[in-house]
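Asker: final.txt (compact mmCIF, N, CA and C atoms and all ligand atoms) pasted underneath:
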```txt
# COMPACT_ATOMS: atom_id res chain seq x y z
N MET A 57 -101.92 149.00 -72.45
CA MET A 57 -100.75 148.69 -73.29
C MET A 57 -99.74 147.88 -72.51
N SER A 58 -99.35 148.36 -71.32
CA SER A 58 -98.30 147.66 -70.59
C SER A 58 -98.74 146.26 -70.17
N ASP A 59 -100.05 146.03 -70.07
CA ASP A 59 -100.53 144.68 -69.75
C ASP A 59 -100.22 143.69 -70.86
N ASN A 60 -99.94 144.18 -72.06
CA ASN A 60 -99.66 143.30 -73.18
C ASN A 60 -98.18 143.00 -73.35
N LEU A 61 -97.35 143.52 -72.43
CA LEU A 61 -95.91 143.30 -72.55
C LEU A 61 -95.49 142.06 -71.75
N SER A 62 -94.47 141.38 -72.26
CA SER A 62 -94.03 140.15 -71.62
C SER A 62 -93.42 140.44 -70.25
N LYS A 63 -93.63 139.50 -69.33
CA LYS A 63 -93.20 139.66 -67.93
C LYS A 63 -92.09 138.67 -67.60
N MET A 64 -91.54 138.86 -66.43
CA MET A 64 -90.58 137.93 -65.85
C MET A 64 -91.37 136.85 -65.10
N LEU A 65 -90.80 135.66 -65.02
CA LEU A 65 -91.39 134.63 -64.18
C LEU A 65 -91.22 135.04 -62.72
N PRO A 66 -92.08 134.57 -61.82
CA PRO A 66 -91.93 134.95 -60.40
C PRO A 66 -90.58 134.50 -59.85
N GLY A 67 -89.77 135.47 -59.38
CA GLY A 67 -88.40 135.17 -58.95
C GLY A 67 -88.34 134.22 -57.77
N ASP A 68 -89.37 134.22 -56.95
CA ASP A 68 -89.34 133.34 -55.77
C ASP A 68 -89.54 131.88 -56.14
N ARG A 69 -89.89 131.61 -57.39
CA ARG A 69 -90.08 130.22 -57.81
C ARG A 69 -88.90 129.70 -58.62
N ILE A 70 -87.91 130.56 -58.88
CA ILE A 70 -86.76 130.14 -59.69
C ILE A 70 -85.64 129.68 -58.77
N LYS A 71 -85.14 128.49 -59.02
CA LYS A 71 -84.09 127.92 -58.18
C LYS A 71 -82.83 127.76 -59.04
N ILE A 72 -81.75 128.38 -58.61
CA ILE A 72 -80.48 128.24 -59.32
C ILE A 72 -79.56 127.33 -58.53
N THR A 73 -79.03 126.34 -59.20
CA THR A 73 -78.00 125.50 -58.58
C THR A 73 -76.76 125.60 -59.47
N THR A 74 -75.61 125.56 -58.84
CA THR A 74 -74.37 125.70 -59.60
C THR A 74 -73.45 124.53 -59.31
N ASP A 75 -72.46 124.37 -60.18
CA ASP A 75 -71.37 123.45 -59.91
C ASP A 75 -70.09 124.14 -60.36
N THR A 76 -68.98 123.44 -60.30
CA THR A 76 -67.70 124.11 -60.57
C THR A 76 -67.62 124.66 -61.99
N CYS A 77 -68.37 124.11 -62.92
CA CYS A 77 -68.25 124.64 -64.29
C CYS A 77 -69.36 125.63 -64.63
N THR A 78 -70.29 125.93 -63.74
CA THR A 78 -71.31 126.95 -64.03
C THR A 78 -71.23 128.15 -63.08
N VAL A 79 -70.54 128.00 -61.96
CA VAL A 79 -70.56 129.06 -60.94
C VAL A 79 -69.96 130.37 -61.47
N GLY A 80 -69.02 130.29 -62.41
CA GLY A 80 -68.43 131.50 -62.97
C GLY A 80 -69.46 132.38 -63.65
N PHE A 81 -70.40 131.75 -64.35
CA PHE A 81 -71.47 132.50 -65.02
C PHE A 81 -72.32 133.25 -64.00
N TRP A 82 -72.70 132.56 -62.92
CA TRP A 82 -73.61 133.16 -61.94
C TRP A 82 -72.91 134.18 -61.05
N ASP A 83 -71.61 133.99 -60.80
CA ASP A 83 -70.86 135.00 -60.05
C ASP A 83 -70.79 136.30 -60.84
N LYS A 84 -70.55 136.22 -62.15
CA LYS A 84 -70.52 137.42 -62.98
C LYS A 84 -71.90 138.07 -63.04
N ALA A 85 -72.95 137.26 -63.07
CA ALA A 85 -74.31 137.82 -63.11
C ALA A 85 -74.58 138.67 -61.87
N LYS A 86 -74.05 138.24 -60.73
CA LYS A 86 -74.23 139.04 -59.50
C LYS A 86 -73.61 140.42 -59.64
N GLU A 87 -72.58 140.54 -60.52
CA GLU A 87 -71.94 141.83 -60.79
C GLU A 87 -72.58 142.52 -62.00
N HIS A 88 -73.70 141.98 -62.49
CA HIS A 88 -74.39 142.51 -63.67
C HIS A 88 -73.48 142.51 -64.89
N LYS A 89 -72.71 141.44 -65.05
CA LYS A 89 -71.85 141.27 -66.21
C LYS A 89 -72.23 139.97 -66.91
N LEU A 90 -72.49 140.09 -68.23
CA LEU A 90 -72.82 138.90 -69.01
C LEU A 90 -71.53 138.25 -69.49
N THR A 91 -71.46 136.94 -69.34
CA THR A 91 -70.29 136.20 -69.76
C THR A 91 -70.74 134.90 -70.43
N ALA A 92 -69.78 134.15 -70.95
CA ALA A 92 -70.04 132.82 -71.46
C ALA A 92 -68.78 131.99 -71.22
N CYS A 93 -68.97 130.70 -71.12
CA CYS A 93 -67.86 129.78 -70.87
C CYS A 93 -66.97 129.72 -72.12
N GLN A 94 -65.69 130.05 -71.94
CA GLN A 94 -64.75 130.02 -73.06
C GLN A 94 -63.55 129.16 -72.69
N CYS A 95 -63.15 128.30 -73.60
CA CYS A 95 -61.96 127.50 -73.39
C CYS A 95 -60.74 128.41 -73.30
N ALA A 96 -59.96 128.27 -72.21
CA ALA A 96 -58.79 129.11 -72.02
C ALA A 96 -57.62 128.67 -72.90
N SER A 97 -57.71 127.48 -73.48
CA SER A 97 -56.62 126.99 -74.33
C SER A 97 -56.81 127.36 -75.80
N CYS A 98 -58.02 127.10 -76.34
CA CYS A 98 -58.22 127.32 -77.78
C CYS A 98 -59.20 128.45 -78.08
N GLY A 99 -59.91 128.95 -77.07
CA GLY A 99 -60.79 130.10 -77.28
C GLY A 99 -62.22 129.76 -77.67
N ARG A 100 -62.54 128.48 -77.85
CA ARG A 100 -63.90 128.12 -78.24
C ARG A 100 -64.89 128.42 -77.10
N PHE A 101 -66.02 129.02 -77.46
CA PHE A 101 -67.09 129.23 -76.48
C PHE A 101 -67.98 128.00 -76.43
N ARG A 102 -68.50 127.72 -75.24
CA ARG A 102 -69.47 126.64 -75.11
C ARG A 102 -70.48 127.02 -74.02
N MET A 103 -71.75 126.94 -74.39
CA MET A 103 -72.85 127.16 -73.47
C MET A 103 -73.90 126.10 -73.77
N PRO A 104 -74.53 125.47 -72.76
CA PRO A 104 -74.19 125.65 -71.36
C PRO A 104 -72.77 125.19 -71.06
N PRO A 105 -72.19 125.73 -69.97
CA PRO A 105 -70.82 125.36 -69.62
C PRO A 105 -70.70 123.86 -69.37
N ARG A 106 -69.62 123.29 -69.85
CA ARG A 106 -69.31 121.87 -69.60
C ARG A 106 -67.85 121.78 -69.14
N PRO A 107 -67.50 120.71 -68.44
CA PRO A 107 -66.16 120.64 -67.84
C PRO A 107 -65.03 120.61 -68.86
N PHE A 108 -65.25 120.01 -70.03
CA PHE A 108 -64.18 119.85 -71.01
C PHE A 108 -64.52 120.58 -72.30
N CYS A 109 -63.49 121.16 -72.92
CA CYS A 109 -63.66 121.73 -74.26
C CYS A 109 -63.87 120.59 -75.26
N PRO A 110 -64.92 120.65 -76.10
CA PRO A 110 -65.15 119.58 -77.07
C PRO A 110 -64.11 119.56 -78.19
N ASP A 111 -63.36 120.67 -78.35
CA ASP A 111 -62.35 120.70 -79.41
C ASP A 111 -60.99 120.20 -78.93
N CYS A 112 -60.54 120.69 -77.77
CA CYS A 112 -59.16 120.39 -77.35
C CYS A 112 -59.10 119.68 -75.99
N GLN A 113 -60.25 119.40 -75.39
CA GLN A 113 -60.35 118.67 -74.12
C GLN A 113 -59.75 119.40 -72.92
N SER A 114 -59.40 120.65 -73.09
CA SER A 114 -58.87 121.41 -71.95
C SER A 114 -59.96 121.60 -70.91
N LYS A 115 -59.55 121.64 -69.64
CA LYS A 115 -60.48 121.92 -68.55
C LYS A 115 -60.39 123.37 -68.09
N GLU A 116 -59.48 124.14 -68.71
CA GLU A 116 -59.28 125.53 -68.30
C GLU A 116 -60.38 126.41 -68.90
N ILE A 117 -60.97 127.26 -68.07
CA ILE A 117 -62.11 128.09 -68.49
C ILE A 117 -61.82 129.57 -68.25
N ASN A 118 -62.19 130.40 -69.24
CA ASN A 118 -62.22 131.86 -69.08
C ASN A 118 -63.68 132.30 -69.00
N TRP A 119 -63.91 133.41 -68.30
CA TRP A 119 -65.25 134.02 -68.23
C TRP A 119 -65.12 135.48 -68.68
N PRO A 120 -64.97 135.73 -69.99
CA PRO A 120 -64.78 137.11 -70.46
C PRO A 120 -66.06 137.93 -70.29
N GLU A 121 -65.88 139.21 -70.02
CA GLU A 121 -67.05 140.10 -69.96
C GLU A 121 -67.48 140.41 -71.39
N LEU A 122 -68.74 140.19 -71.70
CA LEU A 122 -69.28 140.36 -73.05
C LEU A 122 -70.09 141.66 -73.13
N PRO A 123 -70.41 142.12 -74.36
CA PRO A 123 -71.09 143.42 -74.49
C PRO A 123 -72.49 143.45 -73.86
N GLY A 124 -73.12 142.29 -73.70
CA GLY A 124 -74.45 142.28 -73.08
C GLY A 124 -75.59 142.40 -74.09
N THR A 125 -75.25 142.24 -75.35
CA THR A 125 -76.28 142.24 -76.39
C THR A 125 -76.35 140.85 -77.01
N ALA A 126 -77.47 140.59 -77.69
CA ALA A 126 -77.68 139.27 -78.27
C ALA A 126 -78.69 139.38 -79.41
N THR A 127 -78.81 138.28 -80.15
CA THR A 127 -79.75 138.19 -81.26
C THR A 127 -80.69 137.02 -81.01
N VAL A 128 -81.99 137.24 -81.23
CA VAL A 128 -82.98 136.18 -81.00
C VAL A 128 -82.78 135.08 -82.05
N TYR A 129 -82.51 133.87 -81.57
CA TYR A 129 -82.37 132.70 -82.45
C TYR A 129 -83.70 131.97 -82.55
N SER A 130 -84.40 131.86 -81.41
CA SER A 130 -85.70 131.18 -81.38
C SER A 130 -86.45 131.67 -80.14
N PHE A 131 -87.76 131.58 -80.14
CA PHE A 131 -88.54 132.00 -78.98
C PHE A 131 -89.91 131.34 -78.99
N ALA A 132 -90.59 131.42 -77.86
CA ALA A 132 -91.98 130.95 -77.76
C ALA A 132 -92.75 131.97 -76.93
N VAL A 133 -94.00 132.20 -77.27
CA VAL A 133 -94.86 133.09 -76.49
C VAL A 133 -95.76 132.21 -75.62
N CYS A 134 -95.65 132.38 -74.30
CA CYS A 134 -96.41 131.57 -73.36
C CYS A 134 -97.40 132.46 -72.61
N HIS A 135 -98.53 131.90 -72.25
CA HIS A 135 -99.60 132.71 -71.66
C HIS A 135 -99.99 132.29 -70.26
N LYS A 136 -99.41 131.21 -69.74
CA LYS A 136 -99.74 130.78 -68.38
C LYS A 136 -98.48 130.49 -67.59
N SER A 137 -98.50 130.84 -66.31
CA SER A 137 -97.38 130.55 -65.44
C SER A 137 -97.15 129.04 -65.36
N PRO A 138 -95.88 128.60 -65.55
CA PRO A 138 -95.60 127.17 -65.41
C PRO A 138 -95.72 126.70 -63.97
N PHE A 139 -95.76 127.64 -63.04
CA PHE A 139 -95.81 127.29 -61.62
C PHE A 139 -97.25 127.19 -61.13
N SER A 140 -98.08 128.19 -61.46
CA SER A 140 -99.42 128.27 -60.88
C SER A 140 -100.53 128.04 -61.89
N GLY A 141 -100.22 128.14 -63.19
CA GLY A 141 -101.26 128.05 -64.20
C GLY A 141 -102.03 129.35 -64.39
N GLU A 142 -101.70 130.37 -63.59
CA GLU A 142 -102.36 131.67 -63.74
C GLU A 142 -101.93 132.34 -65.04
N GLU A 143 -102.75 133.28 -65.49
CA GLU A 143 -102.42 134.01 -66.70
C GLU A 143 -101.12 134.78 -66.50
N LEU A 144 -100.16 134.57 -67.39
CA LEU A 144 -98.88 135.27 -67.33
C LEU A 144 -98.27 135.23 -68.71
N LEU A 145 -98.01 136.40 -69.26
CA LEU A 145 -97.38 136.48 -70.57
C LEU A 145 -95.87 136.49 -70.39
N TYR A 146 -95.19 135.45 -70.86
CA TYR A 146 -93.74 135.45 -70.81
C TYR A 146 -93.19 134.79 -72.07
N ILE A 147 -91.94 135.15 -72.39
CA ILE A 147 -91.35 134.73 -73.67
C ILE A 147 -89.97 134.12 -73.43
N PRO A 148 -89.90 132.79 -73.27
CA PRO A 148 -88.58 132.15 -73.23
C PRO A 148 -87.94 132.22 -74.62
N ALA A 149 -86.63 132.42 -74.65
CA ALA A 149 -85.96 132.58 -75.94
C ALA A 149 -84.57 131.98 -75.89
N VAL A 150 -84.11 131.49 -77.05
CA VAL A 150 -82.73 131.07 -77.23
C VAL A 150 -82.03 132.19 -77.99
N LEU A 151 -80.89 132.64 -77.45
CA LEU A 151 -80.23 133.84 -77.97
C LEU A 151 -78.80 133.53 -78.40
N ASP A 152 -78.38 134.08 -79.52
CA ASP A 152 -76.97 134.10 -79.91
C ASP A 152 -76.33 135.28 -79.19
N ILE A 153 -75.31 134.99 -78.39
CA ILE A 153 -74.70 136.01 -77.54
C ILE A 153 -73.62 136.74 -78.32
N ASP A 154 -73.72 138.07 -78.38
CA ASP A 154 -72.67 138.87 -79.05
C ASP A 154 -71.34 138.72 -78.31
N GLY A 155 -70.27 138.57 -79.06
CA GLY A 155 -68.95 138.44 -78.48
C GLY A 155 -68.57 137.03 -78.11
N ALA A 156 -69.50 136.08 -78.31
CA ALA A 156 -69.24 134.68 -77.96
C ALA A 156 -69.76 133.78 -79.08
N PRO A 157 -69.07 133.82 -80.24
CA PRO A 157 -69.57 133.07 -81.39
C PRO A 157 -69.77 131.59 -81.07
N GLY A 158 -70.92 131.08 -81.46
CA GLY A 158 -71.24 129.67 -81.23
C GLY A 158 -71.93 129.41 -79.91
N ALA A 159 -71.99 130.41 -79.02
CA ALA A 159 -72.61 130.21 -77.71
C ALA A 159 -74.03 130.74 -77.72
N ARG A 160 -74.96 129.92 -77.26
CA ARG A 160 -76.35 130.33 -77.14
C ARG A 160 -76.78 130.24 -75.70
N LEU A 161 -77.65 131.19 -75.32
CA LEU A 161 -78.14 131.27 -73.95
C LEU A 161 -79.66 131.20 -74.00
N THR A 162 -80.25 130.38 -73.13
CA THR A 162 -81.70 130.37 -72.98
C THR A 162 -82.05 131.35 -71.87
N SER A 163 -82.95 132.28 -72.17
CA SER A 163 -83.30 133.32 -71.21
C SER A 163 -84.76 133.71 -71.43
N ASN A 164 -85.14 134.88 -70.93
CA ASN A 164 -86.51 135.38 -71.13
C ASN A 164 -86.44 136.78 -71.71
N LEU A 165 -87.38 137.07 -72.62
CA LEU A 165 -87.54 138.42 -73.17
C LEU A 165 -88.59 139.13 -72.34
N VAL A 166 -88.22 140.26 -71.75
CA VAL A 166 -89.10 140.98 -70.82
C VAL A 166 -89.38 142.37 -71.37
N GLY A 167 -90.66 142.78 -71.32
CA GLY A 167 -91.05 144.11 -71.77
C GLY A 167 -91.34 144.18 -73.26
N PHE A 168 -91.64 143.05 -73.86
CA PHE A 168 -91.91 143.00 -75.30
C PHE A 168 -93.41 142.81 -75.57
N ASP A 169 -93.90 143.49 -76.58
CA ASP A 169 -95.17 143.15 -77.19
C ASP A 169 -94.90 141.88 -78.02
N PRO A 170 -95.58 140.78 -77.70
CA PRO A 170 -95.25 139.52 -78.40
C PRO A 170 -95.40 139.59 -79.90
N ASP A 171 -96.25 140.48 -80.39
CA ASP A 171 -96.42 140.60 -81.84
C ASP A 171 -95.20 141.25 -82.50
N GLN A 172 -94.35 141.88 -81.71
CA GLN A 172 -93.19 142.59 -82.26
C GLN A 172 -91.92 141.73 -82.24
N VAL A 173 -91.94 140.60 -81.53
CA VAL A 173 -90.73 139.79 -81.41
C VAL A 173 -90.50 139.01 -82.71
N GLU A 174 -89.26 139.05 -83.19
CA GLU A 174 -88.92 138.34 -84.42
C GLU A 174 -87.57 137.65 -84.26
N ILE A 175 -87.43 136.52 -84.91
CA ILE A 175 -86.11 135.89 -85.01
C ILE A 175 -85.17 136.85 -85.71
N GLY A 176 -83.97 137.00 -85.16
CA GLY A 176 -82.97 137.89 -85.74
C GLY A 176 -82.96 139.28 -85.13
N MET A 177 -83.92 139.60 -84.23
CA MET A 177 -83.93 140.94 -83.65
C MET A 177 -82.89 141.06 -82.54
N LYS A 178 -82.39 142.29 -82.37
CA LYS A 178 -81.37 142.54 -81.34
C LYS A 178 -82.04 142.82 -80.00
N VAL A 179 -81.45 142.30 -78.95
CA VAL A 179 -81.93 142.52 -77.58
C VAL A 179 -80.71 142.81 -76.70
N LYS A 180 -80.97 143.34 -75.51
CA LYS A 180 -79.85 143.62 -74.59
C LYS A 180 -80.18 143.11 -73.20
N VAL A 181 -79.14 142.79 -72.47
CA VAL A 181 -79.33 142.17 -71.17
C VAL A 181 -79.84 143.18 -70.14
N ASP A 182 -80.63 142.68 -69.20
CA ASP A 182 -81.01 143.42 -68.01
C ASP A 182 -80.91 142.41 -66.85
N TRP A 183 -81.01 142.90 -65.64
CA TRP A 183 -80.72 142.03 -64.50
C TRP A 183 -81.89 142.00 -63.55
N TYR A 184 -82.20 140.81 -63.07
CA TYR A 184 -83.40 140.59 -62.28
C TYR A 184 -83.00 139.82 -61.03
N SER A 185 -83.14 140.47 -59.89
CA SER A 185 -82.76 139.82 -58.63
C SER A 185 -83.84 138.83 -58.21
N ILE A 186 -83.39 137.64 -57.84
CA ILE A 186 -84.32 136.62 -57.37
C ILE A 186 -83.89 136.18 -55.97
N THR A 187 -84.30 135.02 -55.57
CA THR A 187 -84.05 134.59 -54.19
C THR A 187 -82.57 134.32 -53.94
N GLU A 188 -82.22 134.32 -52.66
CA GLU A 188 -80.89 133.92 -52.19
C GLU A 188 -79.77 134.69 -52.87
N ASP A 189 -80.01 135.98 -53.16
CA ASP A 189 -78.99 136.87 -53.74
C ASP A 189 -78.57 136.52 -55.16
N TRP A 190 -79.25 135.59 -55.80
CA TRP A 190 -78.92 135.31 -57.20
C TRP A 190 -79.50 136.40 -58.09
N VAL A 191 -78.82 136.62 -59.21
CA VAL A 191 -79.28 137.59 -60.19
C VAL A 191 -79.38 136.87 -61.53
N LEU A 192 -80.54 137.06 -62.16
CA LEU A 192 -80.84 136.35 -63.39
C LEU A 192 -80.74 137.32 -64.57
N PRO A 193 -80.01 136.94 -65.65
CA PRO A 193 -80.03 137.78 -66.83
C PRO A 193 -81.34 137.57 -67.60
N VAL A 194 -81.99 138.67 -67.94
CA VAL A 194 -83.14 138.63 -68.86
C VAL A 194 -82.80 139.60 -70.00
N PHE A 195 -83.62 139.62 -71.05
CA PHE A 195 -83.29 140.48 -72.19
C PHE A 195 -84.47 141.37 -72.51
N VAL A 196 -84.14 142.64 -72.79
CA VAL A 196 -85.12 143.69 -73.03
C VAL A 196 -84.88 144.26 -74.43
N PRO A 197 -85.81 145.09 -74.94
CA PRO A 197 -85.58 145.67 -76.27
C PRO A 197 -84.26 146.45 -76.34
N ALA A 198 -83.51 146.27 -77.43
CA ALA A 198 -82.20 146.94 -77.58
C ALA A 198 -82.39 148.41 -77.92
ZN ZN B 201 -60.42 124.25 -76.33
```
What does this structure look like when you write it as structure tokens?
Ligand SMILES: [Zn+2]

Answerer:
Amino acid sequence: MSDNLSKMLPGDRIKITTDTCTVGFWDKAKEHKLTACQCASCGRFRMPPRPFCPDCQSKEINWPELPGTATVYSFAVCHKSPFSGEELLYIPAVLDIDGAPGARLTSNLVGFDPDQVEIGMKVKVDWYSITEDWVLPVFVPA
């Protein structure tokens, strides 16, 4: 049974790079807190983070702590590692993040039977340590 559940990609092959407008997200992830880029002037969320708010052009950013739950917007079931080509069941997904209307996060669904995954289902964040002390948010059954 557990062999049929979706896995995480190998952490040693994932490389995270940051810049001034994304580092806030990854710093919060190290604290196991899910956040999203929010305009500090008008409140609009934007993901992926960008330097300017598309509504008011402000450069000021908030990183509010969010509930850590999300809704599946889209997903794909993959059967081979993108790194080695070996058999690996993993599910990349685009998620609507609770508490951050309009913000979507691309992540992975871990611990799912692929036949049970549906658009609109609720998931919750979990944390996966990878190389160089980075922590990656993944999503597990809610
Ligand atoms: Zn704004």

Asker: If you count all atoms listed in the file, which residues end up within 5 Å of ligand ZN 201 (chain B), as a PyMOL selection string?

Answerer: chain A and resi 95+97-100+109+111-114

Asker: Select all residues near (-64.0, 122.6, -69.9) (cut-off 8 Å, inclusive, file coordinates), counting all atoms listed in the file, and output them as a PyMOL selection string.

Answerer: chain A and resi 77+94-96+105-110+113-117

Asker: Using backbone DSSP assignments, extract all strand (DSSP E or B) residues from range 63-178 of chain A; output them as a PyMOL selection string.

Answerer: chain A and resi 94-95+101+117-118+125-131+134-136+143-153+160-165+178

Asker: Just N, CA and C atoms for this one: save the residues we selected as a compact mmCIF listing (two decimals), in the frame of the given file.

Answerer:
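File written: out-v7.txt
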```
# COMPACT_ATOMS: atom_id res chain seq x y z
N GLN A 94 -65.69 130.05 -71.94
CA GLN A 94 -64.75 130.02 -73.06
C GLN A 94 -63.55 129.16 -72.69
N CYS A 95 -63.15 128.30 -73.60
CA CYS A 95 -61.96 127.50 -73.39
C CYS A 95 -60.74 128.41 -73.30
N PHE A 101 -66.02 129.02 -77.46
CA PHE A 101 -67.09 129.23 -76.48
C PHE A 101 -67.98 128.00 -76.43
N ILE A 117 -60.97 127.26 -68.07
CA ILE A 117 -62.11 128.09 -68.49
C ILE A 117 -61.82 129.57 -68.25
N ASN A 118 -62.19 130.40 -69.24
CA ASN A 118 -62.22 131.86 -69.08
C ASN A 118 -63.68 132.30 -69.00
N THR A 125 -75.25 142.24 -75.35
CA THR A 125 -76.28 142.24 -76.39
C THR A 125 -76.35 140.85 -77.01
N ALA A 126 -77.47 140.59 -77.69
CA ALA A 126 -77.68 139.27 -78.27
C ALA A 126 -78.69 139.38 -79.41
N THR A 127 -78.81 138.28 -80.15
CA THR A 127 -79.75 138.19 -81.26
C THR A 127 -80.69 137.02 -81.01
N VAL A 128 -81.99 137.24 -81.23
CA VAL A 128 -82.98 136.18 -81.00
C VAL A 128 -82.78 135.08 -82.05
N TYR A 129 -82.51 133.87 -81.57
CA TYR A 129 -82.37 132.70 -82.45
C TYR A 129 -83.70 131.97 -82.55
N SER A 130 -84.40 131.86 -81.41
CA SER A 130 -85.70 131.18 -81.38
C SER A 130 -86.45 131.67 -80.14
N PHE A 131 -87.76 131.58 -80.14
CA PHE A 131 -88.54 132.00 -78.98
C PHE A 131 -89.91 131.34 -78.99
N CYS A 134 -95.65 132.38 -74.30
CA CYS A 134 -96.41 131.57 -73.36
C CYS A 134 -97.40 132.46 -72.61
N HIS A 135 -98.53 131.90 -72.25
CA HIS A 135 -99.60 132.71 -71.66
C HIS A 135 -99.99 132.29 -70.26
N LYS A 136 -99.41 131.21 -69.74
CA LYS A 136 -99.74 130.78 -68.38
C LYS A 136 -98.48 130.49 -67.59
N GLU A 143 -102.75 133.28 -65.49
CA GLU A 143 -102.42 134.01 -66.70
C GLU A 143 -101.12 134.78 -66.50
N LEU A 144 -100.16 134.57 -67.39
CA LEU A 144 -98.88 135.27 -67.33
C LEU A 144 -98.27 135.23 -68.71
N LEU A 145 -98.01 136.40 -69.26
CA LEU A 145 -97.38 136.48 -70.57
C LEU A 145 -95.87 136.49 -70.39
N TYR A 146 -95.19 135.45 -70.86
CA TYR A 146 -93.74 135.45 -70.81
C TYR A 146 -93.19 134.79 -72.07
N ILE A 147 -91.94 135.15 -72.39
CA ILE A 147 -91.35 134.73 -73.67
C ILE A 147 -89.97 134.12 -73.43
N PRO A 148 -89.90 132.79 -73.27
CA PRO A 148 -88.58 132.15 -73.23
C PRO A 148 -87.94 132.22 -74.62
N ALA A 149 -86.63 132.42 -74.65
CA ALA A 149 -85.96 132.58 -75.94
C ALA A 149 -84.57 131.98 -75.89
N VAL A 150 -84.11 131.49 -77.05
CA VAL A 150 -82.73 131.07 -77.23
C VAL A 150 -82.03 132.19 -77.99
N LEU A 151 -80.89 132.64 -77.45
CA LEU A 151 -80.23 133.84 -77.97
C LEU A 151 -78.80 133.53 -78.40
N ASP A 152 -78.38 134.08 -79.52
CA ASP A 152 -76.97 134.10 -79.91
C ASP A 152 -76.33 135.28 -79.19
N ILE A 153 -75.31 134.99 -78.39
CA ILE A 153 -74.70 136.01 -77.54
C ILE A 153 -73.62 136.74 -78.32
N ARG A 160 -74.96 129.92 -77.26
CA ARG A 160 -76.35 130.33 -77.14
C ARG A 160 -76.78 130.24 -75.70
N LEU A 161 -77.65 131.19 -75.32
CA LEU A 161 -78.14 131.27 -73.95
C LEU A 161 -79.66 131.20 -74.00
N THR A 162 -80.25 130.38 -73.13
CA THR A 162 -81.70 130.37 -72.98
C THR A 162 -82.05 131.35 -71.87
N SER A 163 -82.95 132.28 -72.17
CA SER A 163 -83.30 133.32 -71.21
C SER A 163 -84.76 133.71 -71.43
N ASN A 164 -85.14 134.88 -70.93
CA ASN A 164 -86.51 135.38 -71.13
C ASN A 164 -86.44 136.78 -71.71
N LEU A 165 -87.38 137.07 -72.62
CA LEU A 165 -87.54 138.42 -73.17
C LEU A 165 -88.59 139.13 -72.34
N LYS A 178 -82.39 142.29 -82.37
CA LYS A 178 -81.37 142.54 -81.34
C LYS A 178 -82.04 142.82 -80.00
```

Asker: Would you kindly return, as a list of chain:residue names, each protein, DNA or RNA residue with an atom no farther than 6.5 Å from any atom of Leu145 in chain A, considering all atoms listed in the file and excluding same-chain residues fewer than 2 positions away?

Answerer: A:Leu61, A:Ser62, A:Lys63, A:Met64, A:Cys134, A:His135, A:Lys136, A:Ser137, A:Glu143, A:Ile147

Asker: Counting only C-alpha atoms, which residues of range 107-178 of chain A fall within 12 Å of range 185-194 of chain A, and what is the closest atom pair for each with its distance in Å at one decimal, ordered by chain and rising number, as a tab-separated table?

Answerer:
```
residue	atom	partner	partner_atom	distance
A:Gly124	CA	A:Pro193	CA	9.5
A:Thr125	CA	A:Val194	CA	10.8
A:Ala126	CA	A:Val194	CA	10.9
A:Tyr146	CA	A:Val194	CA	11.2
A:Ile147	CA	A:Val194	CA	10.3
A:Pro148	CA	A:Val194	CA	9.5
A:Ala149	CA	A:Val194	CA	9.7
A:Val150	CA	A:Val194	CA	11.3
A:Leu151	CA	A:Val194	CA	10.7
A:Leu161	CA	A:Pro193	CA	9.8
A:Thr162	CA	A:Val194	CA	9.3
A:Ser163	CA	A:Val194	CA	5.8
A:Asn164	CA	A:Val194	CA	5.2
A:Leu165	CA	A:Val194	CA	6.2
A:Val166	CA	A:Val194	CA	6.7
A:Gly167	CA	A:Val194	CA	10.1
A:Phe168	CA	A:Val194	CA	11.7
```

Asker: May I have all residues of range 57-196 of chain A that DSSP, computed from the backbone, assigns to alpha helix (DSSP H), given as a CSV table (one decimal) with N, CA and C atoms, in the coordinates of the input?

Answerer:
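Below is the file that was written, result_1.csv:
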```
chain,number,residue,atom,x,y,z
A,79,VAL,N,-70.5,128.0,-62.0
A,79,VAL,CA,-70.6,129.1,-60.9
A,79,VAL,C,-70.0,130.4,-61.5
A,80,GLY,N,-69.0,130.3,-62.4
A,80,GLY,CA,-68.4,131.5,-63.0
A,80,GLY,C,-69.5,132.4,-63.6
A,81,PHE,N,-70.4,131.8,-64.4
A,81,PHE,CA,-71.5,132.5,-65.0
A,81,PHE,C,-72.3,133.2,-64.0
A,82,TRP,N,-72.7,132.6,-62.9
A,82,TRP,CA,-73.6,133.2,-61.9
A,82,TRP,C,-72.9,134.2,-61.0
A,83,ASP,N,-71.6,134.0,-60.8
A,83,ASP,CA,-70.9,135.0,-60.0
A,83,ASP,C,-70.8,136.3,-60.8
A,84,LYS,N,-70.6,136.2,-62.2
A,84,LYS,CA,-70.5,137.4,-63.0
A,84,LYS,C,-71.9,138.1,-63.0
A,85,ALA,N,-73.0,137.3,-63.1
A,85,ALA,CA,-74.3,137.8,-63.1
A,85,ALA,C,-74.6,138.7,-61.9
A,86,LYS,N,-74.0,138.2,-60.7
A,86,LYS,CA,-74.2,139.0,-59.5
A,86,LYS,C,-73.6,140.4,-59.6
```
